[in-house]
Every structure is written in C-alpha cells, then in structure tokens.
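Pasting final_33.cif here (mmCIF, C-alpha atoms):
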```
data_entry
#
loop_
_atom_site.label_atom_id
_atom_site.label_comp_id
_atom_site.auth_asym_id
_atom_site.auth_seq_id
_atom_site.Cartn_x
_atom_site.Cartn_y
_atom_site.Cartn_z
CA MET L 3 0.00 0.00 0.00
CA LYS L 4 1.00 3.66 -0.34
CA ALA L 5 1.70 5.55 2.88
CA LEU L 6 3.25 8.82 4.02
CA VAL L 7 6.42 8.07 5.98
CA TYR L 8 8.47 10.34 8.25
CA ASP L 9 12.09 10.39 7.06
CA GLY L 10 13.49 13.03 9.42
CA PRO L 11 13.05 16.71 10.27
CA ARG L 12 11.02 18.42 7.55
CA SER L 13 11.20 15.37 5.32
CA VAL L 14 8.34 13.01 4.52
CA SER L 15 7.75 10.80 1.50
CA VAL L 16 5.04 8.61 0.01
CA ARG L 17 6.29 5.03 -0.25
CA ASP L 18 5.17 1.50 -0.89
CA VAL L 19 4.97 -0.27 2.48
CA PRO L 20 3.52 -3.63 3.54
CA ASP L 21 -0.27 -3.62 3.60
CA ALA L 22 -1.93 -3.09 6.95
CA GLY L 23 -3.97 -6.12 7.97
CA ILE L 24 -5.86 -7.92 10.72
CA GLU L 25 -3.46 -8.96 13.48
CA ARG L 26 -5.83 -9.80 16.32
CA PRO L 27 -9.44 -11.06 16.41
CA THR L 28 -10.67 -7.69 17.69
CA ASP L 29 -9.09 -5.71 14.82
CA VAL L 30 -10.88 -3.90 12.02
CA LEU L 31 -9.24 -3.00 8.70
CA VAL L 32 -10.27 0.33 7.17
CA ARG L 33 -9.70 1.65 3.66
CA ILE L 34 -8.94 5.31 4.32
CA THR L 35 -11.08 7.76 2.37
CA THR L 36 -10.06 10.96 4.16
CA THR L 37 -7.12 11.65 6.46
CA ASN L 38 -6.16 15.12 7.65
CA ILE L 39 -2.91 16.92 8.34
CA CYS L 40 -3.07 18.23 11.91
CA GLY L 41 -1.13 21.08 13.45
CA SER L 42 0.29 18.61 15.95
CA ASP L 43 1.73 16.61 13.03
CA LEU L 44 3.96 19.63 12.41
CA HIS L 45 5.67 19.23 15.79
CA MET L 46 6.88 15.84 14.60
CA TYR L 47 7.52 17.02 11.04
CA GLU L 48 9.80 19.80 12.34
CA GLY L 49 11.79 17.40 14.52
CA ARG L 50 10.40 18.81 17.76
CA THR L 51 9.76 15.32 19.15
CA GLY L 52 11.81 12.15 19.28
CA LEU L 53 9.82 10.50 16.48
CA GLU L 54 11.74 7.73 14.77
CA ALA L 55 12.27 7.67 11.00
CA GLY L 56 10.02 5.23 9.18
CA LYS L 57 6.83 6.02 11.12
CA ILE L 58 3.63 6.33 9.08
CA LEU L 59 1.96 9.58 10.09
CA GLY L 60 -1.70 10.47 10.41
CA HIS L 61 -4.06 10.41 13.39
CA GLU L 62 -7.17 12.08 11.91
CA ASN L 63 -8.76 9.25 9.93
CA MET L 64 -12.02 8.01 8.47
CA GLY L 65 -12.91 5.42 5.88
CA GLU L 66 -14.73 2.25 4.87
CA VAL L 67 -14.43 -1.04 6.72
CA VAL L 68 -13.05 -3.71 4.37
CA GLU L 69 -12.32 -6.55 6.82
CA VAL L 70 -13.14 -7.44 10.41
CA GLY L 71 -11.54 -9.86 12.84
CA THR L 72 -13.36 -12.92 14.13
CA GLY L 73 -13.89 -11.24 17.51
CA VAL L 74 -15.67 -8.18 16.11
CA ASP L 75 -19.43 -8.18 16.79
CA ARG L 76 -20.82 -4.76 15.92
CA VAL L 77 -18.85 -3.27 13.03
CA ARG L 78 -19.57 -4.64 9.57
CA VAL L 79 -17.73 -4.66 6.24
CA GLY L 80 -18.97 -1.66 4.26
CA ASP L 81 -19.56 0.57 7.29
CA GLN L 82 -18.33 4.14 6.99
CA VAL L 83 -16.46 4.94 10.19
CA SER L 84 -14.73 7.78 11.97
CA LEU L 85 -11.74 6.81 14.10
CA PRO L 86 -10.87 8.74 17.26
CA PHE L 87 -7.21 9.67 17.17
CA ASN L 88 -6.76 8.17 20.63
CA ILE L 89 -6.93 4.38 20.73
CA GLY L 90 -8.73 2.85 23.70
CA CYS L 91 -9.28 -0.71 24.88
CA GLY L 92 -12.71 0.00 26.36
CA PHE L 93 -12.19 -2.03 29.54
CA CYS L 94 -9.36 -0.49 31.60
CA GLY L 95 -10.12 1.80 34.51
CA ASN L 96 -9.55 5.00 32.53
CA CYS L 97 -11.62 3.86 29.55
CA GLU L 98 -14.46 2.84 31.86
CA ARG L 99 -14.39 6.35 33.33
CA GLY L 100 -14.53 7.89 29.85
CA ASN L 101 -10.86 8.87 29.81
CA THR L 102 -10.13 7.02 26.58
CA GLY L 103 -7.28 9.37 25.71
CA PHE L 104 -5.41 7.91 28.67
CA CYS L 105 -6.04 4.20 28.12
CA LEU L 106 -3.88 2.01 30.34
CA THR L 107 -3.83 -1.00 28.01
CA VAL L 108 -2.84 0.06 24.49
CA ASN L 109 0.55 1.61 25.30
CA PRO L 110 2.03 -0.19 28.33
CA GLY L 111 4.17 1.96 30.59
CA THR L 112 2.28 5.17 29.92
CA ALA L 113 -1.30 6.40 29.52
CA GLY L 114 -2.74 6.78 26.05
CA GLY L 115 -2.23 5.52 22.52
CA ALA L 116 -2.73 7.07 19.11
CA TYR L 117 -2.18 6.42 15.42
CA GLY L 118 1.08 7.67 13.92
CA PHE L 119 2.14 9.79 16.87
CA TYR L 120 5.32 10.10 18.92
CA GLY L 121 5.23 8.42 22.31
CA MET L 122 1.73 7.02 21.75
CA GLY L 123 2.54 3.42 20.99
CA PRO L 124 3.60 1.35 17.98
CA TYR L 125 0.51 2.08 15.89
CA ALA L 126 0.88 3.13 12.26
CA GLY L 127 -0.87 6.27 11.11
CA GLY L 128 -3.68 6.61 8.61
CA GLN L 129 -2.06 8.83 5.98
CA ALA L 130 -2.10 5.66 3.96
CA GLU L 131 -4.44 3.53 1.88
CA LEU L 132 -5.23 1.11 4.72
CA LEU L 133 -5.29 1.31 8.52
CA ARG L 134 -5.48 -1.37 11.17
CA VAL L 135 -7.86 -0.34 13.99
CA PRO L 136 -7.31 -2.18 17.31
CA TYR L 137 -10.38 -2.97 19.43
CA GLY L 138 -12.50 -2.11 16.42
CA ASP L 139 -15.90 -2.46 18.06
CA PHE L 140 -14.90 0.14 20.63
CA ASN L 141 -12.88 2.54 18.46
CA CYS L 142 -15.01 2.73 15.31
CA LEU L 143 -17.83 5.26 15.24
CA VAL L 144 -20.21 3.99 12.56
CA LEU L 145 -21.49 7.01 10.65
CA PRO L 146 -25.02 7.75 9.36
CA GLU L 147 -26.11 7.16 5.78
CA ASP L 148 -25.01 10.67 4.72
CA ALA L 149 -21.34 9.87 5.48
CA ALA L 150 -20.19 10.13 1.86
CA GLU L 151 -22.17 13.32 1.21
CA LYS L 152 -20.85 15.04 4.36
CA GLN L 153 -17.42 13.40 4.48
CA ASN L 154 -15.56 16.70 4.92
CA ASP L 155 -17.68 17.42 7.99
CA TYR L 156 -17.48 13.96 9.53
CA THR L 157 -13.72 13.81 9.06
CA MET L 158 -13.42 16.51 11.73
CA LEU L 159 -14.77 14.04 14.33
CA SER L 160 -11.49 12.16 14.64
CA ASP L 161 -9.77 15.05 16.41
CA ILE L 162 -10.22 18.76 15.92
CA PHE L 163 -13.97 19.15 16.44
CA PRO L 164 -14.00 17.04 19.64
CA THR L 165 -10.73 18.66 20.76
CA GLY L 166 -12.17 22.14 20.31
CA TRP L 167 -15.30 21.08 22.20
CA HIS L 168 -13.09 19.53 24.89
CA ALA L 169 -11.30 22.87 25.38
CA THR L 170 -14.60 24.53 26.26
CA GLU L 171 -15.50 21.59 28.50
CA LEU L 172 -12.18 21.75 30.35
CA ALA L 173 -12.71 25.47 30.82
CA GLY L 174 -16.12 24.80 32.40
CA MET L 175 -18.01 26.93 29.89
CA ARG L 176 -21.73 27.52 30.42
CA PRO L 177 -24.29 29.20 28.11
CA GLY L 178 -24.20 32.98 28.23
CA GLU L 179 -20.50 33.18 29.16
CA SER L 180 -17.68 34.84 27.25
CA VAL L 181 -14.79 32.76 25.93
CA ALA L 182 -11.26 33.76 24.88
CA VAL L 183 -9.57 31.32 22.51
CA TYR L 184 -5.83 31.65 21.98
CA GLY L 185 -4.79 30.25 18.62
CA GLY L 186 -6.64 30.52 15.32
CA GLY L 187 -5.45 27.23 13.88
CA PRO L 188 -7.94 24.43 13.18
CA VAL L 189 -8.35 23.43 16.84
CA GLY L 190 -8.72 27.03 17.97
CA ILE L 191 -11.36 27.72 15.33
CA MET L 192 -13.19 24.56 16.39
CA ALA L 193 -13.02 25.69 20.03
CA ALA L 194 -14.56 29.02 19.04
CA TYR L 195 -17.18 27.26 16.90
CA SER L 196 -17.98 24.92 19.80
CA ALA L 197 -18.37 27.86 22.17
CA VAL L 198 -20.82 29.48 19.75
CA LEU L 199 -22.78 26.23 19.41
CA ARG L 200 -22.86 25.97 23.21
CA GLY L 201 -24.40 29.43 23.59
CA ALA L 202 -21.49 31.72 24.45
CA SER L 203 -22.36 35.41 24.66
CA GLN L 204 -19.00 36.52 23.25
CA VAL L 205 -16.15 34.55 21.72
CA PHE L 206 -12.70 36.01 21.02
CA VAL L 207 -10.01 34.37 18.90
CA VAL L 208 -6.44 35.57 19.31
CA ASP L 209 -4.09 35.14 16.36
CA ARG L 210 -2.18 37.31 13.89
CA HIS L 211 -2.69 35.58 10.53
CA PRO L 212 -5.38 37.39 8.49
CA ASP L 213 -6.77 34.20 6.96
CA ARG L 214 -7.21 32.63 10.40
CA LEU L 215 -8.85 35.76 11.79
CA LYS L 216 -11.31 35.70 8.89
CA LEU L 217 -12.14 32.09 9.71
CA ALA L 218 -12.70 33.12 13.31
CA GLU L 219 -15.34 35.57 12.09
CA ARG L 220 -16.95 32.81 10.02
CA ALA L 221 -17.15 30.73 13.19
CA GLY L 222 -19.03 33.58 14.89
CA ALA L 223 -16.10 34.93 16.91
CA ILE L 224 -14.51 38.35 17.38
CA PRO L 225 -10.95 38.39 15.96
CA ILE L 226 -8.15 39.72 18.18
CA ASP L 227 -4.93 40.51 16.30
CA ASP L 228 -2.12 40.14 18.82
CA SER L 229 0.33 41.91 16.50
CA GLN L 230 -1.66 45.10 17.14
CA GLY L 231 -1.29 45.12 20.92
CA ASP L 232 -1.45 43.04 24.08
CA PRO L 233 -4.27 40.52 23.47
CA ALA L 234 -5.16 40.25 27.16
CA GLN L 235 -5.67 43.99 27.31
CA GLN L 236 -7.78 43.90 24.14
CA ILE L 237 -10.01 41.27 25.75
CA LEU L 238 -10.22 43.21 29.01
CA ASP L 239 -11.23 46.32 27.06
CA ALA L 240 -13.95 44.34 25.24
CA THR L 241 -15.34 42.95 28.51
CA ASP L 242 -15.54 46.22 30.49
CA GLY L 243 -12.32 45.40 32.31
CA VAL L 244 -13.66 42.17 33.82
CA GLY L 245 -12.04 39.62 31.52
CA ALA L 246 -13.48 36.61 29.71
CA ASP L 247 -15.34 34.04 31.78
CA ARG L 248 -13.44 31.16 30.16
CA GLY L 249 -10.25 30.69 28.20
CA CYS L 250 -9.03 28.03 25.76
CA GLU L 251 -5.33 27.47 25.04
CA CYS L 252 -5.06 26.02 21.52
CA VAL L 253 -1.46 26.88 20.63
CA GLY L 254 0.91 24.75 22.70
CA TYR L 255 4.61 24.76 23.36
CA GLN L 256 5.66 26.41 20.09
CA ALA L 257 3.91 29.69 20.90
CA HIS L 258 5.81 32.70 19.60
CA ASP L 259 5.44 36.46 19.47
CA ALA L 260 4.75 38.62 16.44
CA GLN L 261 8.49 38.82 15.73
CA GLY L 262 8.74 35.02 15.60
CA VAL L 263 10.55 34.62 18.92
CA GLU L 264 9.39 31.49 20.72
CA HIS L 265 7.96 31.76 24.25
CA PRO L 266 6.36 28.42 25.25
CA GLU L 267 4.60 29.95 28.26
CA MET L 268 3.30 33.01 26.40
CA THR L 269 -0.30 32.02 25.73
CA LEU L 270 -0.80 30.49 29.17
CA ASN L 271 0.35 33.64 30.95
CA SER L 272 -1.72 35.85 28.68
CA LEU L 273 -4.80 33.75 29.42
CA PHE L 274 -4.22 34.11 33.16
CA ALA L 275 -4.39 37.87 32.57
CA ALA L 276 -7.32 37.79 30.14
CA VAL L 277 -9.68 35.52 32.13
CA ARG L 278 -11.66 36.92 35.05
CA PRO L 279 -11.03 35.96 38.68
CA THR L 280 -12.43 32.45 39.40
CA GLY L 281 -12.77 31.79 35.67
CA GLY L 282 -11.75 28.56 33.98
CA ILE L 283 -9.10 27.73 31.38
CA GLY L 284 -8.93 24.64 29.16
CA VAL L 285 -5.52 23.71 27.72
CA VAL L 286 -5.59 21.47 24.65
CA GLY L 287 -2.56 22.92 22.86
CA LEU L 288 0.23 20.35 22.81
CA PHE L 289 2.75 20.43 25.65
CA LEU L 290 5.24 17.57 25.98
CA PRO L 291 7.73 16.52 28.67
CA GLY L 292 10.48 16.55 26.06
CA ASP L 293 11.24 18.99 23.22
CA PRO L 294 14.59 18.55 21.42
CA GLY L 295 14.22 21.96 19.78
CA GLY L 296 13.25 23.86 22.91
CA VAL L 297 14.53 27.41 23.32
CA SER L 298 16.14 26.67 26.70
CA GLU L 299 17.26 23.74 28.79
CA ASP L 300 14.06 24.01 30.82
CA ALA L 301 11.90 24.12 27.67
CA GLN L 302 13.65 21.04 26.33
CA ALA L 303 12.51 19.23 29.48
CA GLY L 304 8.95 20.58 29.34
CA ARG L 305 9.42 23.12 32.14
CA TYR L 306 7.97 26.61 31.63
CA PRO L 307 7.96 29.84 33.69
CA ILE L 308 4.21 30.30 34.13
CA ASP L 309 2.72 33.08 36.27
CA TYR L 310 1.41 30.74 38.93
CA GLY L 311 1.02 33.59 41.41
CA THR L 312 -1.49 35.30 39.11
CA LEU L 313 -3.37 32.05 38.56
CA TRP L 314 -3.53 31.34 42.30
CA PHE L 315 -4.39 34.89 43.33
CA LYS L 316 -7.26 35.05 40.81
CA GLY L 317 -8.60 31.66 41.89
CA GLN L 318 -8.68 30.37 38.35
CA ARG L 319 -9.08 26.69 37.45
CA VAL L 320 -7.11 25.00 34.68
CA GLY L 321 -7.99 21.77 32.90
CA ASN L 322 -5.37 20.02 30.80
CA GLY L 323 -4.87 17.27 28.30
CA GLN L 324 -5.89 15.70 25.05
CA ALA L 325 -9.54 15.15 24.23
CA ASN L 326 -11.21 11.89 25.08
CA VAL L 327 -12.75 11.84 21.63
CA LYS L 328 -15.30 9.11 22.33
CA ASN L 329 -16.92 11.34 24.95
CA TYR L 330 -17.97 13.71 22.19
CA ASN L 331 -17.85 12.20 18.71
CA ARG L 332 -21.28 10.56 18.71
CA GLN L 333 -23.13 13.69 19.82
CA LEU L 334 -21.11 15.88 17.46
CA ALA L 335 -21.87 13.47 14.61
CA GLU L 336 -25.54 13.98 15.37
CA LEU L 337 -25.09 17.76 15.11
CA ILE L 338 -23.54 17.24 11.67
CA HIS L 339 -26.19 14.73 10.59
CA ARG L 340 -29.01 17.10 11.55
CA GLY L 341 -27.37 20.11 9.88
CA THR L 342 -26.71 22.01 13.10
CA ALA L 343 -22.92 21.89 12.68
CA THR L 344 -20.89 22.14 9.46
CA PRO L 345 -17.24 22.15 10.57
CA SER L 346 -16.02 21.68 6.99
CA PHE L 347 -16.04 25.47 6.58
CA ILE L 348 -12.47 25.31 7.85
CA VAL L 349 -11.19 23.16 4.94
CA SER L 350 -8.81 24.95 2.61
CA HIS L 351 -7.34 22.09 0.54
CA GLU L 352 -8.39 18.61 -0.62
CA LEU L 353 -5.39 16.75 -2.06
CA SER L 354 -4.28 13.28 -3.05
CA LEU L 355 -1.92 11.27 -0.88
CA ALA L 356 0.82 11.79 -3.48
CA GLU L 357 0.63 15.54 -2.84
CA ALA L 358 1.15 15.14 0.92
CA PRO L 359 4.89 16.04 1.04
CA ASP L 360 4.26 19.37 -0.69
CA ALA L 361 1.22 19.93 1.53
CA TYR L 362 3.31 19.43 4.66
CA ARG L 363 5.81 22.01 3.45
CA SER L 364 3.14 24.58 2.64
CA PHE L 365 1.24 24.01 5.88
CA ASP L 366 4.45 24.17 7.91
CA ASP L 367 5.42 27.44 6.20
CA ARG L 368 2.05 28.87 7.33
CA LEU L 369 1.36 30.01 3.78
CA GLU L 370 -1.66 32.25 3.36
CA GLY L 371 -4.82 30.20 2.97
CA TRP L 372 -3.41 26.88 4.20
CA THR L 373 -5.71 26.31 7.15
CA LYS L 374 -6.92 22.69 7.03
CA VAL L 375 -5.63 20.09 4.59
CA LEU L 376 -7.52 16.90 3.78
CA LEU L 377 -5.81 14.00 2.01
CA LYS L 378 -7.87 11.57 -0.06
CA PRO L 379 -5.87 8.32 -0.43
CA ALA L 380 -8.72 6.55 -2.24
CA ALA L 381 -9.14 9.28 -4.86
#
```

This structure in structure tokens:
Amino acid sequence: MKALVYDGPRSVSVRDVPDAGIERPTDVLVRITTTNICGSDLHMYEGRTGLEAGKILGHENMGEVVEVGTGVDRVRVGDQVSLPFNIGCGFCGNCERGNTGFCLTVNPGTAGGAYGFYGMGPYAGGQAELLRVPYGDFNCLVLPEDAAEKQNDYTMLSDIFPTGWHATELAGMRPGESVAVYGGGPVGIMAAYSAVLRGASQVFVVDRHPDRLKLAERAGAIPIDDSQGDPAQQILDATDGVGADRGCECVGYQAHDAQGVEHPEMTLNSLFAAVRPTGGIGVVGLFLPGDPGGVSEDAQAGRYPIDYGTLWFKGQRVGNGQANVKNYNRQLAELIHRGTATPSFIVSHELSLAEAPDAYRSFDDRLEGWTKVLLKPAA
C-alpha cells in the first residue's frame, strides 16, 4: 500500500509499504477515504519530538471497513467509520471512566495511545491507503447514511472538532458566558465554533494571521490581532475590564510572538491575565515533557515559567490534556447529521496522498490560505 512516511526533520515521503492487515481477532481494517494533516503533526515534522524515522503519520482518519476480525461483533464490512485519534481498549479503569485518551492498556508503561504519533505506541498512522484499527468495536464510530455526502464534515470528528469542544468543556463553559480562545489554527477555530454552538455570549479568537482571523469571524467569533497590541488587554477592554469568563489554550509549546521569537509559556500567561477571577481555562494545545528543539534547557525538558502567582491569586481553574474523543464524537456526529454543525467550513485544501509532502511544506510554512488540509488516499 502507499503511505506517508516520516524520514526526518522536515522530510516526509510517500512510499510503498507492507499492507496493513488484521493482526488480532478484535481488529478492524479500514480503507482510508479521508485523512487530515493536523497542526500537531507539524511538531513531529519539524523534529520537535523524538519521532523515529520510518513512522507512518496520520491520526485524523475516516474510511470504509473492508475486513473485520473474528472477535468483532458490531462493526460490519462496508460501514463508513470515523476513528478517534486516541486508541482505547474500552475495559481499563480509565476507559471505563470515559478517559479514553489515557487508556492504560494500548501503550504499556504510559497512559494513552494514538495512530502515527510520537510516544503514543507502535501504531501506524492513517495517511495511507489502509489502517489497522485495534479494538475495532470500541474505536469505530459507525457514521449515518449521509457519510459520503458530508465526508468533509465527519472527518473533523477524529480530532479537531471534539478537541475544540473539549477545550470549552475543560474550561467549564456555560451558556451565556464569554470565551477567549488563543490560537486561530484548526483546533482554535473549532473551540470558538464549539463555544458558539454551546451558547457563548462573546467569543474572542487571538491570532495574527489574516486568513485565520477571517475564519474566526466565520465561526461567529470576534478576531483579536495580537500583532496590534497586548491581546489580554484587548479582551479586558472588550469585557468592560472584567475579563473573559473562560479561556481556551489552543497553541501549545511552540507559541511565539509577532516577531517570531518562541515563548512556550506566552499564551498560558496571557490567558491568566485575560480571564476573570475564578474563571476557567482549558488547555488542549500540545505540551510535551520533552522537546529537542526547545529554546532553553528548561523548555527542552517541558518546564515553563508560568505566572502561577497570578493564577492562584485570581482563583482560576485549569484543565489540561488531550480530548477523550469518544466522549464527544457521537453527539457531534448527530449535530452534523441534523445540519446544526458544518465544521467543513475550515477546509482549505483537498489533495491526493501523493501531494502530501508538498502539503506538509506549505502548511508548515504557514502560507496564506493553508488552514486545514484533507488527504484523499482513495481518490
């Protein structure tokens, strides 16, 4: 089969690799119809993780079931399925509590597994023609009959739509509250969109790229250009000096200022300033315990100088971590199916798998208009 393989920093290639297949009775084999390039893929692409060469990338996947193991009861050949980026077993303590992003079975020695991702187990990614899905009955979300028609909407269920929703959930958002989202990439736009769907009174999106700020407006948010002044102050001014009720961090450890200088703690500290006393903050931007390209020795070890005194003094709460996609994907699929949500408005490019190396370069260069890239291996 054809697959996109990581060769080293800023180098990926499409190669012929052995076909994915059924390895255990509980496996499902999926022919990938859409797989997305995620902003977190760029951390690996840039060499900012310890990812080994030869890994097949791709954790945002959907497709058609072409084979099932003998132990699979529910999923059938021909089903159109969305696959949460985090792989769960369904029966460990964390999975039973709904914390499927922190499964204790699929990646022994740590919590959590994922397709094609550094530190998240041996699983191949889905930027390929075929993908093996462990514990298929648990991990496959079987989609409604309009799956082909609304494929570009449903493909967002594997990661960014649930992750954006999760940011608002971690922040404790309630209807009628104001929300400040830092980061206008795909996850940030989905956090803003989720806040609007959940009944926020005001939503702000902080970024500096004009195309992303325009998308923020399309999502129903107020754009805040941080190259034009302190974003926390802009949010305070727009909220009569009180601050936003909730904040969402959707940038992560490669945050940088308008001059391009990296400050991993920048968005966190600005959110502490922008959110009101006793407000809540949800952090879904990627932060790792190791960063080979970190700007300091502390940053390389995942240590950051956050303004904890401000956080403590204001009595703010912070929720952290990747989305437990299965907590959200079924209800979000229903919003898509009924026409309430159309997250595909964020899509900028639909490309073949063969075009993936060029797409990675363009997306990594933050070229104007490259906001969300979908790859279509079956095209």

query: If you count only C-alpha atoms, which residues fall within 12 Å of Asp9 (chain L), apart from same-chain ones fewer than 6 positions away, as a ChimeraX atom specification?
result: /L:15-17,46-49,53-59,359

message: I'd like to know which of L:Ala169, L:Val77, L:Ile237, L:Ala130 is closest to Asp18 (chain L), using only C-alpha atoms.
response: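 Of L:Ala169, L:Val77, L:Ile237, L:Ala130, the one nearest Asp18 (chain L) is L:Ala130, counting only C-alpha atoms.
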
message: The residues within 9 Å of (-9.1, 32.7, 10.0), using all atoms listed in the file and the coordinates of the file, should be reported as a PyMOL selection string; which are they?
response: chain L and resi 186-188+191+209+211-221+225+348+371+373

Find the axis-aligned box for region 251-268 of chain L, covering all its listed atoms and adding 3 Å on each side, and write its centre and edge lengths in Å to one decimal as lines of an AutoDock Vina configuration file.
```
center_x = 2.6
center_y = 31.8
center_z = 21.9
size_x = 21.9
size_y = 20.1
size_z = 18.7
```

query: Nearest to Gln129 (chain L) among L:Thr28, L:Thr342, L:Asn63, L:Gln230, with distances taken over all atoms listed in the file: which residue is it?
result: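 For Gln129 (chain L), the nearest of the candidates is L:Asn63.
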
Will you model all heavy atoms for region 344-353 of chain L and pass it back as a PDB file, in the coordinates of the input?
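Wrote it out as selection.pdb, contents follow:
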```pdb
ATOM      1  N   THR L 344     -21.556  22.399  10.745  1.00  0.00           N
ATOM      2  CA  THR L 344     -20.890  22.140   9.460  1.00  0.00           C
ATOM      3  C   THR L 344     -19.418  22.547   9.584  1.00  0.00           C
ATOM      4  O   THR L 344     -18.990  23.564   9.045  1.00  0.00           O
ATOM      5  CB  THR L 344     -21.556  22.906   8.309  1.00  0.00           C
ATOM      6  OG1 THR L 344     -21.636  24.297   8.655  1.00  0.00           O
ATOM      7  CG2 THR L 344     -22.941  22.375   8.010  1.00  0.00           C
ATOM      8  N   PRO L 345     -18.624  21.759  10.319  1.00  0.00           N
ATOM      9  CA  PRO L 345     -17.240  22.150  10.570  1.00  0.00           C
ATOM     10  C   PRO L 345     -16.350  22.169   9.337  1.00  0.00           C
ATOM     11  O   PRO L 345     -15.216  22.660   9.403  1.00  0.00           O
ATOM     12  CB  PRO L 345     -16.763  21.107  11.584  1.00  0.00           C
ATOM     13  CG  PRO L 345     -17.645  19.928  11.368  1.00  0.00           C
ATOM     14  CD  PRO L 345     -18.979  20.501  11.002  1.00  0.00           C
ATOM     15  N   SER L 346     -16.835  21.684   8.201  1.00  0.00           N
ATOM     16  CA  SER L 346     -16.020  21.680   6.990  1.00  0.00           C
ATOM     17  C   SER L 346     -15.717  23.079   6.463  1.00  0.00           C
ATOM     18  O   SER L 346     -14.904  23.220   5.539  1.00  0.00           O
ATOM     19  CB  SER L 346     -16.695  20.858   5.891  1.00  0.00           C
ATOM     20  OG  SER L 346     -17.957  21.426   5.552  1.00  0.00           O
ATOM     21  N   PHE L 347     -16.349  24.118   7.030  1.00  0.00           N
ATOM     22  CA  PHE L 347     -16.040  25.470   6.580  1.00  0.00           C
ATOM     23  C   PHE L 347     -14.560  25.808   6.757  1.00  0.00           C
ATOM     24  O   PHE L 347     -14.045  26.738   6.146  1.00  0.00           O
ATOM     25  CB  PHE L 347     -16.909  26.507   7.304  1.00  0.00           C
ATOM     26  CG  PHE L 347     -16.518  26.788   8.729  1.00  0.00           C
ATOM     27  CD1 PHE L 347     -15.559  27.745   9.024  1.00  0.00           C
ATOM     28  CD2 PHE L 347     -17.107  26.102   9.783  1.00  0.00           C
ATOM     29  CE1 PHE L 347     -15.197  28.014  10.344  1.00  0.00           C
ATOM     30  CE2 PHE L 347     -16.757  26.355  11.093  1.00  0.00           C
ATOM     31  CZ  PHE L 347     -15.796  27.313  11.373  1.00  0.00           C
ATOM     32  N   ILE L 348     -13.868  25.039   7.577  1.00  0.00           N
ATOM     33  CA  ILE L 348     -12.470  25.310   7.850  1.00  0.00           C
ATOM     34  C   ILE L 348     -11.535  24.735   6.777  1.00  0.00           C
ATOM     35  O   ILE L 348     -10.362  25.098   6.706  1.00  0.00           O
ATOM     36  CB  ILE L 348     -12.099  24.748   9.241  1.00  0.00           C
ATOM     37  CG1 ILE L 348     -10.856  25.425   9.791  1.00  0.00           C
ATOM     38  CG2 ILE L 348     -11.909  23.242   9.202  1.00  0.00           C
ATOM     39  CD1 ILE L 348     -10.564  25.086  11.226  1.00  0.00           C
ATOM     40  N   VAL L 349     -12.039  23.852   5.920  1.00  0.00           N
ATOM     41  CA  VAL L 349     -11.190  23.160   4.940  1.00  0.00           C
ATOM     42  C   VAL L 349     -10.693  24.130   3.879  1.00  0.00           C
ATOM     43  O   VAL L 349     -11.477  24.860   3.270  1.00  0.00           O
ATOM     44  CB  VAL L 349     -11.958  21.998   4.277  1.00  0.00           C
ATOM     45  CG1 VAL L 349     -11.113  21.357   3.168  1.00  0.00           C
ATOM     46  CG2 VAL L 349     -12.349  20.954   5.315  1.00  0.00           C
ATOM     47  N   SER L 350      -9.393  24.103   3.660  1.00  0.00           N
ATOM     48  CA  SER L 350      -8.810  24.950   2.610  1.00  0.00           C
ATOM     49  C   SER L 350      -8.333  24.151   1.404  1.00  0.00           C
ATOM     50  O   SER L 350      -8.323  24.663   0.289  1.00  0.00           O
ATOM     51  CB  SER L 350      -7.635  25.755   3.173  1.00  0.00           C
ATOM     52  OG  SER L 350      -6.608  24.904   3.663  1.00  0.00           O
ATOM     53  N   HIS L 351      -7.909  22.888   1.624  1.00  0.00           N
ATOM     54  CA  HIS L 351      -7.340  22.090   0.540  1.00  0.00           C
ATOM     55  C   HIS L 351      -7.791  20.634   0.657  1.00  0.00           C
ATOM     56  O   HIS L 351      -7.798  20.071   1.755  1.00  0.00           O
ATOM     57  CB  HIS L 351      -5.812  22.128   0.561  1.00  0.00           C
ATOM     58  CG  HIS L 351      -5.222  23.474   0.267  1.00  0.00           C
ATOM     59  ND1 HIS L 351      -5.195  24.496   1.195  1.00  0.00           N
ATOM     60  CD2 HIS L 351      -4.640  23.962  -0.855  1.00  0.00           C
ATOM     61  CE1 HIS L 351      -4.626  25.559   0.661  1.00  0.00           C
ATOM     62  NE2 HIS L 351      -4.276  25.264  -0.580  1.00  0.00           N
ATOM     63  N   GLU L 352      -8.148  20.037  -0.494  1.00  0.00           N
ATOM     64  CA  GLU L 352      -8.390  18.610  -0.620  1.00  0.00           C
ATOM     65  C   GLU L 352      -7.396  18.073  -1.643  1.00  0.00           C
ATOM     66  O   GLU L 352      -7.438  18.459  -2.810  1.00  0.00           O
ATOM     67  CB  GLU L 352      -9.813  18.324  -1.069  1.00  0.00           C
ATOM     68  CG  GLU L 352     -10.883  18.788  -0.095  1.00  0.00           C
ATOM     69  CD  GLU L 352     -12.279  18.480  -0.604  1.00  0.00           C
ATOM     70  OE1 GLU L 352     -12.555  17.298  -0.913  1.00  0.00           O
ATOM     71  OE2 GLU L 352     -13.089  19.421  -0.715  1.00  0.00           O
ATOM     72  N   LEU L 353      -6.492  17.185  -1.216  1.00  0.00           N
ATOM     73  CA  LEU L 353      -5.390  16.750  -2.060  1.00  0.00           C
ATOM     74  C   LEU L 353      -5.277  15.233  -2.052  1.00  0.00           C
ATOM     75  O   LEU L 353      -5.823  14.554  -1.173  1.00  0.00           O
ATOM     76  CB  LEU L 353      -4.073  17.351  -1.545  1.00  0.00           C
ATOM     77  CG  LEU L 353      -4.019  18.882  -1.430  1.00  0.00           C
ATOM     78  CD1 LEU L 353      -2.731  19.305  -0.727  1.00  0.00           C
ATOM     79  CD2 LEU L 353      -4.134  19.532  -2.787  1.00  0.00           C
TER      80      LEU L 353
END
```
